[in-house]
file start-v8.txt (compact mmCIF, C-alpha atoms)
# COMPACT_ATOMS: atom_id res chain seq x y z
CA MET A 1 35.32 99.16 -134.04
CA ASN A 2 33.16 98.48 -131.02
CA VAL A 3 33.60 94.83 -130.00
CA LYS A 4 29.91 94.35 -129.31
CA LEU A 5 28.96 95.69 -132.74
CA PHE A 6 31.56 93.44 -134.36
CA LEU A 7 30.22 90.32 -132.63
CA LEU A 8 26.65 91.27 -133.56
CA ALA A 9 27.64 91.78 -137.20
CA LEU A 10 29.48 88.43 -137.26
CA PHE A 11 26.47 86.67 -135.75
CA VAL A 12 24.14 88.17 -138.36
CA LEU A 13 26.53 87.19 -141.16
CA LEU A 14 26.85 83.60 -139.97
CA ALA A 15 23.15 83.30 -139.31
CA GLY A 16 22.36 84.70 -142.73
CA ALA A 17 24.70 82.21 -144.34
CA GLN A 18 23.11 79.35 -142.43
CA LEU A 19 19.60 80.48 -143.30
CA GLY A 20 20.55 80.91 -146.94
CA ALA A 21 21.96 77.40 -147.00
CA ALA A 22 18.81 76.02 -145.42
CA GLN A 23 16.63 77.79 -147.99
CA ALA A 24 18.83 76.83 -150.94
CA ASP A 25 18.95 73.16 -149.94
CA PRO A 26 15.63 72.39 -148.24
CA VAL A 27 15.13 69.11 -146.45
CA LYS A 28 14.11 66.26 -148.72
CA VAL A 29 11.00 64.09 -148.59
CA THR A 30 9.61 61.49 -150.98
CA GLN A 31 8.14 63.23 -154.01
CA ALA A 32 4.70 62.31 -155.37
CA GLU A 33 3.48 62.95 -158.88
CA GLU A 34 0.31 65.04 -159.11
CA LYS A 35 -2.12 63.77 -161.71
CA PRO A 36 -4.81 65.87 -163.43
CA VAL A 37 -8.13 65.65 -161.60
CA ILE A 38 -11.08 64.35 -163.60
CA MET A 39 -13.41 67.34 -163.35
CA PHE A 40 -17.09 66.64 -162.78
CA PRO A 41 -19.37 68.48 -165.25
CA GLU A 42 -21.09 71.39 -163.51
CA GLY A 43 -24.76 70.60 -163.11
CA GLY A 44 -24.19 66.91 -163.94
CA GLN A 45 -25.97 64.09 -162.17
CA GLY A 46 -23.97 62.07 -159.66
CA ARG A 47 -23.94 60.71 -156.13
CA PRO A 48 -22.59 62.86 -153.29
CA ALA A 49 -19.53 61.51 -151.49
CA TYR A 50 -17.98 62.35 -148.13
CA LEU A 51 -15.08 61.17 -145.97
CA LYS A 52 -16.65 59.01 -143.28
CA THR A 53 -13.84 56.80 -141.96
CA GLN A 54 -10.23 57.76 -141.20
CA LYS A 55 -7.52 55.39 -140.07
CA ALA A 56 -3.74 55.36 -139.81
CA ARG A 57 -1.40 52.40 -139.78
CA PHE A 58 0.98 52.03 -136.83
CA GLU A 59 2.85 48.85 -137.68
CA THR A 60 5.72 49.87 -135.37
CA PRO A 61 4.90 52.02 -132.30
CA ASN A 62 6.56 55.43 -132.34
CA VAL A 63 8.37 54.79 -135.61
CA LYS A 64 10.66 57.56 -136.86
CA ILE A 65 9.31 59.23 -140.00
CA GLY A 66 11.71 62.16 -140.26
CA GLU A 67 13.74 64.82 -138.55
CA LEU A 68 12.81 68.04 -136.79
CA GLN A 69 14.92 71.20 -136.74
CA LYS A 70 14.24 74.37 -134.82
CA GLY A 71 15.15 78.02 -134.75
CA TRP A 72 16.70 80.52 -137.09
CA LEU A 73 19.63 78.23 -137.90
CA CYS A 74 17.51 75.06 -138.20
CA ALA A 75 19.41 73.40 -135.39
CA PRO A 76 18.72 69.70 -134.78
CA GLY A 77 15.60 69.32 -132.67
CA GLY A 78 15.09 65.56 -132.58
CA ASN A 79 13.14 62.93 -134.52
CA ILE A 80 9.59 63.20 -135.84
CA VAL A 81 7.78 60.12 -134.54
CA TRP A 82 4.62 58.77 -136.20
CA SER A 83 2.15 58.07 -133.44
CA PRO A 84 -1.54 58.45 -132.60
CA LYS A 85 -0.66 61.68 -130.84
CA LEU A 86 0.84 63.19 -133.99
CA TYR A 87 -2.08 61.94 -136.09
CA SER A 88 -4.58 63.52 -133.70
CA ILE A 89 -3.07 66.95 -134.37
CA PHE A 90 -4.45 67.18 -137.90
CA LYS A 91 -6.92 64.30 -138.40
CA ASP A 92 -10.00 66.34 -137.47
CA ARG A 93 -9.43 68.57 -140.50
CA LEU A 94 -9.10 65.82 -143.10
CA ALA A 95 -12.84 65.50 -143.82
CA LYS A 96 -13.00 69.23 -144.52
CA VAL A 97 -9.91 69.04 -146.74
CA PHE A 98 -11.45 66.18 -148.74
CA ARG A 99 -14.76 68.03 -149.14
CA THR A 100 -12.90 71.14 -150.33
CA GLU A 101 -11.11 69.15 -153.04
CA LEU A 102 -14.43 67.63 -154.15
CA GLU A 103 -15.99 71.08 -154.40
CA LYS A 104 -13.04 72.45 -156.38
CA ALA A 105 -13.57 69.68 -158.94
CA HIS A 106 -17.37 70.34 -158.95
CA TYR A 107 -18.25 66.90 -157.52
CA PRO A 108 -21.56 66.65 -155.63
CA VAL A 109 -21.22 66.73 -151.84
CA PRO A 110 -23.82 66.21 -149.10
CA LYS A 111 -25.77 69.33 -148.24
CA ILE A 112 -25.07 70.82 -144.84
CA SER A 113 -28.44 71.07 -143.10
CA ASP A 114 -29.46 73.56 -140.44
CA ALA A 115 -32.17 71.19 -139.21
CA ILE A 116 -32.11 70.59 -135.47
CA PHE A 117 -34.00 67.30 -135.60
CA ASP A 118 -33.05 64.34 -137.79
CA GLU A 119 -36.16 63.77 -139.89
CA PRO A 120 -36.85 60.36 -141.49
CA GLN A 121 -36.52 61.71 -145.03
CA ASP A 122 -33.06 62.97 -144.21
CA ARG A 123 -32.02 59.46 -143.26
CA VAL A 124 -33.45 58.12 -146.52
CA LYS A 125 -31.50 60.70 -148.50
CA SER A 126 -28.27 59.75 -146.74
CA ASN A 127 -28.49 56.29 -148.33
CA ALA A 128 -27.69 57.92 -151.66
CA GLU A 129 -24.38 59.23 -150.37
CA LEU A 130 -21.15 57.37 -151.05
CA GLN A 131 -19.03 56.82 -147.96
CA VAL A 132 -15.29 57.25 -148.45
CA GLY A 133 -12.78 55.66 -146.12
CA MET A 134 -9.03 56.34 -145.99
CA LEU A 135 -6.03 54.62 -144.41
CA ILE A 136 -2.71 56.45 -144.15
CA LYS A 137 -0.17 53.75 -145.00
CA ASP A 138 3.08 55.72 -145.04
CA VAL A 139 4.38 59.15 -143.97
CA THR A 140 7.71 60.94 -144.18
CA ALA A 141 8.20 64.43 -142.76
CA ASN A 142 11.22 66.70 -142.37
CA LEU A 143 10.50 70.10 -140.88
CA CYS A 144 12.36 73.13 -139.60
CA LEU A 145 10.26 75.17 -137.20
CA LYS A 146 10.83 78.92 -137.08
CA SER A 147 9.10 81.72 -135.24
CA ASP A 148 7.22 82.87 -138.35
CA GLY A 149 6.67 79.61 -140.24
CA ALA A 150 8.32 76.38 -141.31
CA LEU A 151 10.64 74.86 -143.90
CA GLY A 152 10.64 71.31 -145.17
CA GLY A 153 8.03 68.93 -146.49
CA VAL A 154 5.64 66.05 -145.83
CA TYR A 155 4.81 62.95 -147.91
CA MET A 156 1.80 60.63 -147.51
CA LYS A 157 0.62 57.40 -149.08
CA VAL A 158 -3.14 56.89 -148.67
CA PHE A 159 -5.30 53.83 -149.34
CA TRP A 160 -8.90 54.71 -150.26
CA GLN A 161 -12.15 52.78 -150.41
CA ILE A 162 -15.65 53.81 -151.51
CA TYR A 163 -18.46 52.05 -149.68
CA SER A 164 -22.06 51.87 -150.87
CA PRO A 165 -24.47 51.71 -147.90
CA GLU A 166 -27.24 50.24 -150.09
CA ALA A 167 -25.17 47.40 -151.50
CA GLN A 168 -23.27 47.08 -148.21
CA LYS A 169 -19.98 46.55 -150.00
CA VAL A 170 -16.88 48.38 -151.21
CA VAL A 171 -17.37 49.40 -154.85
CA PHE A 172 -13.96 50.96 -155.57
CA GLU A 173 -10.51 51.24 -154.01
CA ALA A 174 -7.20 52.87 -154.89
CA THR A 175 -3.87 53.98 -153.41
CA THR A 176 -2.53 57.49 -154.04
CA GLU A 177 0.36 59.67 -152.87
CA GLY A 178 0.67 63.31 -151.89
CA THR A 179 3.55 65.69 -151.13
CA TYR A 180 3.76 69.22 -149.80
CA GLN A 181 7.18 70.87 -149.96
CA PRO A 182 7.33 74.63 -150.61
CA ASP A 183 10.47 76.15 -152.09
CA GLY A 184 11.13 78.40 -149.10
CA LEU A 185 9.73 79.48 -145.77
CA GLU A 186 6.00 78.83 -145.45
CA LYS A 187 4.23 81.06 -142.97
CA VAL A 188 1.92 78.36 -141.64
CA LEU A 189 2.02 75.96 -138.72
CA ALA A 190 3.88 72.72 -139.31
CA ASP A 191 0.73 70.58 -139.08
CA ILE A 192 -0.68 72.41 -142.13
CA PHE A 193 2.04 70.66 -144.15
CA PHE A 194 0.28 67.37 -143.36
CA ASP A 195 -3.08 68.83 -144.48
CA ARG A 196 -1.64 69.90 -147.82
CA ALA A 197 0.14 66.61 -148.47
CA PHE A 198 -3.18 64.88 -147.79
CA ALA A 199 -4.95 67.34 -150.12
CA MET A 200 -2.65 66.29 -152.97
CA ALA A 201 -3.32 62.60 -152.23
CA ALA A 202 -7.05 63.44 -152.34
CA ARG A 203 -6.68 65.19 -155.70
CA ASN A 204 -4.86 62.15 -157.06
CA PHE A 205 -7.81 60.06 -155.85
CA LEU A 206 -10.12 62.34 -157.85
CA ALA A 207 -7.87 61.68 -160.85
CA GLU A 208 -8.85 57.99 -160.77
CA GLN A 209 -11.32 57.01 -163.50
CA GLY A 210 -12.87 54.51 -161.11
CA PHE A 211 -13.86 57.27 -158.69
CA TYR A 212 -15.57 59.22 -161.47
CA ASP A 213 -17.36 56.09 -162.72
CA VAL A 214 -18.73 55.25 -159.27
CA VAL A 215 -20.04 58.79 -158.73
CA THR A 216 -21.67 58.93 -162.17
CA GLY A 217 -22.65 55.25 -162.38
CA ALA A 218 -21.11 55.09 -165.86
CA ALA A 219 -19.11 52.04 -166.99
CA PRO A 220 -20.29 49.29 -164.63
CA MET A 221 -23.91 49.51 -165.82
CA ASP A 222 -23.26 49.25 -169.57
CA ALA A 223 -24.91 46.12 -170.93
CA LYS A 224 -22.52 46.13 -173.87
CA ALA A 225 -19.74 45.32 -171.42
CA ALA A 226 -21.54 42.22 -170.21
CA LYS A 227 -19.59 39.13 -171.28
CA ASP A 228 -22.23 36.48 -170.73
CA THR A 229 -25.93 36.09 -171.31
CA LEU A 230 -27.83 36.51 -168.06
CA LYS A 231 -30.23 33.60 -167.66
CA LEU A 232 -33.25 34.30 -165.48
CA LYS A 233 -36.17 32.16 -164.41
CA GLY A 234 -39.27 33.90 -165.69
CA ALA A 235 -42.99 33.36 -165.18
CA LYS A 236 -45.30 31.31 -167.36
CA PRO A 237 -48.12 33.17 -169.20
CA SER A 238 -51.58 32.86 -167.71
CA SER A 239 -54.49 31.43 -169.65
CA GLU A 240 -56.87 33.73 -167.77
CA PRO A 241 -57.80 37.23 -168.97
CA LEU A 242 -55.99 40.20 -167.46
CA SER A 243 -58.96 41.18 -165.33
CA LYS A 244 -58.72 37.88 -163.43
CA ASN A 245 -55.07 38.47 -162.48
CA ILE A 246 -54.94 42.23 -162.03
CA THR A 247 -54.06 42.02 -158.32
CA THR A 248 -51.07 39.77 -159.04
CA LEU A 249 -49.97 41.97 -161.93
CA ARG A 250 -50.14 45.15 -159.87
CA SER A 251 -48.03 43.64 -157.11
CA ALA A 252 -45.21 43.12 -159.62
CA VAL A 253 -45.12 46.76 -160.78
CA ALA A 254 -43.02 49.21 -158.75
CA THR A 255 -42.24 52.90 -158.64
CA ILE A 256 -38.55 53.57 -159.24
CA VAL A 257 -37.05 56.72 -157.78
CA GLY A 258 -33.77 57.87 -159.32
CA ASP A 259 -31.64 61.01 -159.29
CA THR A 260 -33.88 63.00 -161.61
CA GLY A 261 -37.36 61.86 -160.65
CA SER A 262 -39.48 58.73 -160.69
CA GLY A 263 -40.71 56.18 -163.20
CA SER A 264 -42.01 52.64 -163.26
CA GLY A 265 -40.56 49.17 -163.46
CA PHE A 266 -41.74 45.57 -163.22
CA PHE A 267 -40.36 42.30 -161.88
CA VAL A 268 -39.51 39.63 -164.44
CA SER A 269 -37.92 37.14 -162.03
CA GLN A 270 -38.40 36.09 -158.41
CA ASP A 271 -34.67 36.68 -157.96
CA GLY A 272 -35.45 40.40 -157.71
CA TYR A 273 -34.79 41.56 -161.29
CA LEU A 274 -36.85 44.43 -162.73
CA LEU A 275 -36.95 46.02 -166.17
CA THR A 276 -37.30 49.77 -166.68
CA ASN A 277 -36.01 52.63 -168.86
CA GLN A 278 -32.43 53.86 -168.71
CA HIS A 279 -33.65 57.45 -168.50
CA VAL A 280 -35.56 56.54 -165.32
CA VAL A 281 -32.42 55.39 -163.48
CA GLY A 282 -30.16 57.98 -165.14
CA GLN A 283 -26.50 57.79 -164.11
CA ALA A 284 -27.24 56.45 -160.63
CA ARG A 285 -25.69 53.20 -159.47
CA PHE A 286 -28.53 52.57 -157.01
CA VAL A 287 -32.20 53.57 -156.98
CA LYS A 288 -35.13 53.28 -154.61
CA VAL A 289 -37.73 50.66 -155.56
CA MET A 290 -41.14 51.30 -153.99
CA LEU A 291 -43.63 48.44 -153.96
CA PRO A 292 -47.41 49.00 -154.01
CA THR A 293 -47.53 47.72 -150.42
CA GLY A 294 -45.39 50.66 -149.28
CA ARG A 295 -42.27 48.57 -148.80
CA GLU A 296 -39.06 50.17 -150.07
CA LEU A 297 -36.12 48.27 -151.53
CA VAL A 298 -32.70 49.26 -152.78
CA GLY A 299 -32.15 48.47 -156.44
CA GLU A 300 -28.74 48.22 -158.14
CA ILE A 301 -28.52 48.93 -161.86
CA VAL A 302 -26.69 45.89 -163.19
CA ARG A 303 -27.12 46.40 -166.93
CA SER A 304 -28.31 49.22 -169.16
CA ASP A 305 -28.31 50.44 -172.73
CA LYS A 306 -28.69 54.17 -173.20
CA GLY A 307 -29.28 53.98 -176.96
CA ARG A 308 -32.28 51.68 -176.57
CA ASP A 309 -33.26 53.32 -173.25
CA VAL A 310 -33.52 50.10 -171.23
CA ALA A 311 -32.11 49.02 -167.88
CA LEU A 312 -32.08 45.99 -165.59
CA VAL A 313 -32.36 46.60 -161.85
CA LYS A 314 -31.59 44.04 -159.13
CA THR A 315 -33.16 44.04 -155.65
CA GLU A 316 -33.22 41.39 -152.96
CA PRO A 317 -35.42 38.38 -153.78
CA ILE A 318 -39.02 39.05 -152.79
CA ALA A 319 -42.24 37.04 -152.63
CA VAL A 320 -43.83 38.64 -155.69
CA GLN A 321 -45.05 36.75 -158.74
CA PRO A 322 -43.15 38.19 -161.73
CA ILE A 323 -44.94 39.15 -164.94
CA ALA A 324 -44.63 36.79 -167.92
CA LEU A 325 -43.15 38.05 -171.20
CA ARG A 326 -44.68 37.31 -174.58
CA GLY A 327 -42.57 35.46 -177.12
CA SER A 328 -44.49 36.67 -180.19
CA GLU A 329 -45.38 40.18 -181.28
CA PRO A 330 -48.96 41.42 -180.89
CA ASN A 331 -51.08 42.21 -183.92
CA VAL A 332 -52.24 45.69 -184.85
CA GLY A 333 -55.73 46.17 -183.41
CA GLU A 334 -55.17 44.04 -180.29
CA ASP A 335 -56.18 45.48 -176.94
CA VAL A 336 -53.20 46.57 -174.85
CA TYR A 337 -52.91 47.88 -171.29
CA ALA A 338 -50.36 50.18 -169.66
CA LEU A 339 -49.59 49.67 -165.98
CA GLY A 340 -47.42 52.05 -163.96
CA SER A 341 -47.10 55.10 -161.72
CA PRO A 342 -48.15 58.18 -163.72
CA LEU A 343 -47.16 61.40 -161.91
CA GLY A 344 -45.38 59.44 -159.17
CA ASP A 345 -46.02 56.81 -156.52
CA LYS A 346 -49.25 58.48 -155.38
CA PHE A 347 -50.91 56.97 -158.47
CA ASN A 348 -49.01 53.66 -158.53
CA THR A 349 -50.42 50.64 -160.43
CA THR A 350 -52.71 52.81 -162.55
CA LEU A 351 -54.16 50.75 -165.42
CA THR A 352 -55.19 52.26 -168.77
CA ARG A 353 -56.49 50.61 -171.94
CA GLY A 354 -56.01 51.15 -175.66
CA VAL A 355 -55.25 49.35 -178.91
CA LEU A 356 -52.03 48.61 -180.71
CA SER A 357 -51.99 51.23 -183.46
CA GLY A 358 -48.94 50.05 -185.40
CA TYR A 359 -45.19 49.53 -185.56
CA ARG A 360 -42.91 52.51 -186.17
CA THR A 361 -39.19 53.01 -186.77
CA LEU A 362 -37.83 56.22 -185.25
CA GLU A 363 -34.11 57.07 -185.30
CA ASN A 364 -33.29 53.50 -186.33
CA ASN A 365 -35.19 52.02 -183.37
CA ARG A 366 -38.40 50.04 -183.70
CA TYR A 367 -41.41 50.90 -181.49
CA LEU A 368 -44.94 49.80 -180.77
CA GLN A 369 -47.47 52.63 -181.17
CA SER A 370 -50.66 52.76 -179.15
CA ASP A 371 -53.36 55.18 -178.04
CA VAL A 372 -53.27 53.78 -174.50
CA ALA A 373 -53.04 56.72 -172.07
CA ILE A 374 -49.69 57.35 -170.40
CA LEU A 375 -48.17 60.25 -168.47
CA PRO A 376 -44.73 61.12 -167.05
CA GLY A 377 -44.02 58.44 -164.45
CA ASN A 378 -45.33 55.63 -166.67
CA SER A 379 -41.89 55.32 -168.27
CA GLY A 380 -40.40 51.89 -167.66
CA GLY A 381 -43.75 50.25 -166.90
CA PRO A 382 -45.11 47.24 -168.82
CA LEU A 383 -47.40 47.29 -171.85
CA LEU A 384 -49.59 44.18 -171.48
CA ASP A 385 -51.77 42.18 -173.83
CA ALA A 386 -55.31 40.99 -173.01
CA LYS A 387 -53.95 38.13 -170.87
CA GLY A 388 -51.60 40.31 -168.85
CA VAL A 389 -48.41 39.26 -170.65
CA VAL A 390 -45.76 41.88 -171.38
CA VAL A 391 -45.36 42.94 -175.02
CA GLY A 392 -43.40 46.15 -174.49
CA ILE A 393 -42.02 48.80 -172.14
CA THR A 394 -43.43 52.33 -171.94
CA VAL A 395 -40.89 54.87 -173.16
CA ALA A 396 -42.51 58.05 -174.54
CA GLY A 397 -45.81 59.79 -175.07
CA LEU A 398 -46.66 62.73 -177.31
CA GLY A 399 -50.04 63.48 -175.77
CA ALA A 400 -48.57 66.47 -173.93
CA LYS A 401 -47.80 68.04 -177.34
CA GLY A 402 -51.41 67.78 -178.45
CA LEU A 403 -50.92 64.50 -180.29
CA ALA A 404 -53.35 62.26 -178.47
CA GLY A 405 -52.78 58.56 -179.01
CA MET A 406 -49.20 58.97 -180.20
CA ASN A 407 -47.49 56.95 -177.50
CA PHE A 408 -44.56 54.59 -177.97
CA PHE A 409 -43.28 51.40 -176.39
CA ILE A 410 -40.12 49.30 -176.79
CA PRO A 411 -40.85 45.75 -178.03
CA ILE A 412 -39.97 43.33 -175.23
CA ALA A 413 -37.83 41.18 -177.55
CA ASP A 414 -35.57 44.19 -178.22
CA VAL A 415 -35.25 44.80 -174.48
CA LEU A 416 -34.01 41.27 -173.80
CA THR A 417 -31.58 41.38 -176.71
CA LYS A 418 -30.03 44.72 -175.74
CA LEU A 419 -29.60 43.71 -172.11
CA GLY A 420 -28.33 40.22 -172.88
CA ILE A 421 -31.13 38.49 -170.97
CA GLU A 422 -32.50 35.01 -171.56
CA LEU A 423 -35.63 33.89 -169.70
CA ASN A 424 -36.21 30.22 -169.01
call {"tool": "encode", "arguments": {"input": "start-v8.txt", "output": "structure tokens"}}
result
Amino acid sequence: MNVKLFLLALFVLLAGAQLGAAQADPVKVTQAEEKPVIMFPEGGQGRPAYLKTQKARFETPNVKIGELQKGWLCAPGGNIVWSPKLYSIFKDRLAKVFRTELEKAHYPVPKISDAIFDEPQDRVKSNAELQVGMLIKDVTANLCLKSDGALGGVYMKVFWQIYSPEAQKVVFEATTEGTYQPDGLEKVLADIFFDRAFAMAARNFLAEQGFYDVVTGAAPMDAKAAKDTLKLKGAKPSSEPLSKNITTLRSAVATIVGDTGSGSGFFVSQDGYLLTNQHVVGQARFVKVMLPTGRELVGEIVRSDKGRDVALVKTEPIAVQPIALRGSEPNVGEDVYALGSPLGDKFNTTLTRGVLSGYRTLENNRYLQSDVAILPGNSGGPLLDAKGVVVGITVAGLGAKGLAGMNFFIPIADVLTKLGIELN
């Protein structure tokens, strides 16, 4: 046998044995458990989220996180050192990886605009977006670099926070893990291993119930979960007729803009608390509160009851005289007035007049019935008596179905009871 051919055959045999051993017993990294992602309902209402802040912890400079091998035989190639330089290799792709995982689970994400100039309304819309921050707390990586791919694996531990720009605070945080370790040779660059380990950590973040609740605004706004009665300082009823105080009353009624449109609301305390309908705020955690003066505030939904369709919104304290609430129920035949923003803020503080037609029970809920004129956008606004004191909250009108005068309002006593509010 030709000596050269023999040596070549022996080299191939030994190399094949070494490669087979490397593939049969791949390098080990810490394993993370992948949890099922909580899928967002397609077409559901929620707040967009995006990865805004990325950080990595370097408690010890140039700390060893694993080993590097090279070549066909996976010969020792030195240590893998965790450093800003290594992090810079893949960090620019992490925001895209996170967005991709959100889209796979059908979560809302910010729209990518082709606009050249940043218009004011775009900046307003950005306030509705949840900002996600991440801190890489731990990494292990063992890799064998070959000419056509890599063997090995990468592990990451990531600390997450969700920040609300309106509330200017962190509203949820969690720590998750991610691993990427294919069974054999992966025909991708080694830094892609880091991307895919991060992707798993991101999916585990989307498996957290808290993340889903923040996006949808679900659990934290449920009044039934409130442990204590909320005591608020309300206004005293006026002895003057409504017409004498209409300017003051109008200043206390706002347009509320939520995820699905706009409605009305009214201040019941100088601490910045407003009452409105739950269907006006929807599943949002924060809404825009527009005052008749043109000033805009951020409102946080602090309590709500979907069954009774009522919600309590909190803004910063403002110099507006709240509207007084009536302790007794009005009599059938009394004059009543609806105040709100029919068809949107363009017609804010519109006042209409009618009479209390009766009390009705519909689907086990009690309502005031009146012929006072209301339109979409009036929802959540106050129903006032002749002295400008609140007796109910606008909730529904059947005038659009040809039933003029068939409009309904939630008695104010029911609102306070459902939301656990006590006015002093």
call {"tool": "atom_distance", "arguments": {"input": "start-v8.txt", "atom1": "atom CA of Tyr337 of chain A", "atom2": "atom CA of Leu230 of chain A"}}
result
27.7 Å
call {"tool": "residues_around", "arguments": {"input": "start-v8.txt", "residues": "segment 89-91 of chain A", "least_positions_apart": "5", "cutoff": "9 Å", "atoms": "all atoms listed in the file", "output": "number ranges by chain"}}
result
A: 54, 84, 191-192, 194-195
call {"tool": "residues_around", "arguments": {"input": "start-v8.txt", "residues": "Pro241 of chain A", "least_positions_apart": "2", "cutoff": "8 Å", "atoms": "all atoms listed in the file", "output": "list in words"}}
result
Ser238, Ser239, Ser243, Lys244, Asn245, Ala386, Lys387 and Gly388 of chain A
call {"tool": "closest_residue", "arguments": {"input": "start-v8.txt", "among": "A:Ala150, A:Ile80, A:Phe286, A:Thr255", "to": "Asp345 of chain A", "atoms": "only C-alpha atoms"}}
result
A:Thr255
call {"tool": "residues_around", "arguments": {"input": "start-v8.txt", "residues": "Gly307 of chain A", "least_positions_apart": "3", "cutoff": "10 Å", "atoms": "all atoms listed in the file", "output": "list in words"}}
result
Gln278, Ser304, Val310, Asn365 and Lys418 of chain A
call {"tool": "residues_near_point", "arguments": {"input": "start-v8.txt", "point": "(-38.3, 26.0, -165.7)", "cutoff": "9 Å", "atoms": "only C-alpha atoms", "output": "list of chain:residue names"}}
result
A:Lys233, A:Gly234, A:Ala235, A:Lys236, A:Asn424
call {"tool": "closest_residue", "arguments": {"input": "start-v8.txt", "among": "A:Ile410, A:Leu384, A:Val214, A:Val372", "to": "Tyr359 of chain A", "atoms": "only C-alpha atoms"}}
result
A:Ile410
call {"tool": "residues_around", "arguments": {"input": "start-v8.txt", "residues": "segment 160-176 of chain A", "least_positions_apart": "5", "cutoff": "6 Å", "atoms": "all atoms listed in the file", "output": "MDAnalysis selection string"}}
result
chainID A and resid 130:134 201
call {"tool": "atom_distance", "arguments": {"input": "start-v8.txt", "atom1": "atom CA of Asn348 of chain A", "atom2": "atom CA of Ala324 of chain A"}}
result
19.8 Å
call {"tool": "atom_distance", "arguments": {"input": "start-v8.txt", "atom1": "atom CA of Pro317 of chain A", "atom2": "atom CA of Thr248 of chain A"}}
result
16.6 Å
call {"tool": "residues_around", "arguments": {"input": "start-v8.txt", "residues": "Gly78 of chain A", "least_positions_apart": "3", "cutoff": "12 Å", "atoms": "only C-alpha atoms", "output": "PDB file with C-alpha atoms, in the coordinates of the input"}}
result
ATOM      1  CA  LYS A  64      10.660  57.560-136.860  1.00  0.00           C
ATOM      2  CA  ILE A  65       9.310  59.230-140.000  1.00  0.00           C
ATOM      3  CA  GLY A  66      11.710  62.160-140.260  1.00  0.00           C
ATOM      4  CA  GLU A  67      13.740  64.820-138.550  1.00  0.00           C
ATOM      5  CA  LEU A  68      12.810  68.040-136.790  1.00  0.00           C
ATOM      6  CA  GLN A  69      14.920  71.200-136.740  1.00  0.00           C
ATOM      7  CA  LYS A  70      14.240  74.370-134.820  1.00  0.00           C
ATOM      8  CA  CYS A  74      17.510  75.060-138.200  1.00  0.00           C
ATOM      9  CA  ALA A  75      19.410  73.400-135.390  1.00  0.00           C
ATOM     10  CA  VAL A  81       7.780  60.120-134.540  1.00  0.00           C
ATOM     11  CA  ASN A 142      11.220  66.700-142.370  1.00  0.00           C
ATOM     12  CA  LEU A 143      10.500  70.100-140.880  1.00  0.00           C
ATOM     13  CA  CYS A 144      12.360  73.130-139.600  1.00  0.00           C
ATOM     14  CA  LEU A 145      10.260  75.170-137.200  1.00  0.00           C
TER      15      LEU A 145
END
call {"tool": "closest_residue", "arguments": {"input": "start-v8.txt", "among": "A:Ile421, A:Leu375, A:Val415, A:Val298", "to": "Gly263 of chain A", "atoms": "all atoms listed in the file"}}
result
A:Leu375
call {"tool": "closest_residue", "arguments": {"input": "start-v8.txt", "among": "A:Leu249, A:Leu416, A:Met290, A:Ile318", "to": "Asp271 of chain A", "atoms": "all atoms listed in the file"}}
result
A:Ile318
call {"tool": "closest_atom_pairs", "arguments": {"input": "start-v8.txt", "of": "segment 267-323 of chain A", "to": "segment 30-49 of chain A", "cutoff": "9 Å", "atoms": "only C-alpha atoms", "output": "tab-separated table"}}
result
residue	atom	partner	partner_atom	distance
A:Gly282	CA	A:Gln45	CA	8.0
A:Gln283	CA	A:Gln45	CA	6.6
A:Ala284	CA	A:Gly46	CA	6.6
A:Arg285	CA	A:Arg47	CA	8.4
call {"tool": "write_last_selection", "arguments": {"input": "start-v8.txt", "atoms": "C-alpha atoms", "output": "tab-separated table (two decimals), in the frame of the given file"}}
result
chain	number	residue	atom	x	y	z
A	282	GLY	CA	-30.16	57.98	-165.14
A	283	GLN	CA	-26.50	57.79	-164.11
A	284	ALA	CA	-27.24	56.45	-160.63
A	285	ARG	CA	-25.69	53.20	-159.47
call {"tool": "closest_residue", "arguments": {"input": "start-v8.txt", "among": "A:Ser251, A:Thr394, A:Ser341, A:Thr350", "to": "Ser370 of chain A", "atoms": "all atoms listed in the file"}}
result
A:Thr394
call {"tool": "build_atoms", "arguments": {"input": "start-v8.txt", "residues": "segment 391-397 of chain A", "atoms": "N, CA and C atoms", "output": "PDB file, in the coordinates of the input"}}
result
ATOM      1  N   VAL A 391     -45.754  42.844-173.611  1.00  0.00           N
ATOM      2  CA  VAL A 391     -45.360  42.940-175.020  1.00  0.00           C
ATOM      3  C   VAL A 391     -44.388  44.084-175.264  1.00  0.00           C
ATOM      4  N   GLY A 392     -44.304  45.006-174.293  1.00  0.00           N
ATOM      5  CA  GLY A 392     -43.400  46.150-174.490  1.00  0.00           C
ATOM      6  C   GLY A 392     -43.186  46.918-173.198  1.00  0.00           C
ATOM      7  N   ILE A 393     -42.308  47.913-173.278  1.00  0.00           N
ATOM      8  CA  ILE A 393     -42.020  48.800-172.140  1.00  0.00           C
ATOM      9  C   ILE A 393     -42.351  50.232-172.549  1.00  0.00           C
ATOM     10  N   THR A 394     -43.090  50.926-171.689  1.00  0.00           N
ATOM     11  CA  THR A 394     -43.430  52.330-171.940  1.00  0.00           C
ATOM     12  C   THR A 394     -42.162  53.167-172.023  1.00  0.00           C
ATOM     13  N   VAL A 395     -42.086  54.041-173.037  1.00  0.00           N
ATOM     14  CA  VAL A 395     -40.890  54.870-173.160  1.00  0.00           C
ATOM     15  C   VAL A 395     -41.213  56.335-173.428  1.00  0.00           C
ATOM     16  N   ALA A 396     -42.253  56.640-174.209  1.00  0.00           N
ATOM     17  CA  ALA A 396     -42.510  58.050-174.540  1.00  0.00           C
ATOM     18  C   ALA A 396     -43.945  58.248-174.975  1.00  0.00           C
ATOM     19  N   GLY A 397     -44.471  59.423-174.651  1.00  0.00           N
ATOM     20  CA  GLY A 397     -45.810  59.790-175.070  1.00  0.00           C
ATOM     21  C   GLY A 397     -45.818  61.197-175.638  1.00  0.00           C
TER      22      GLY A 397
END
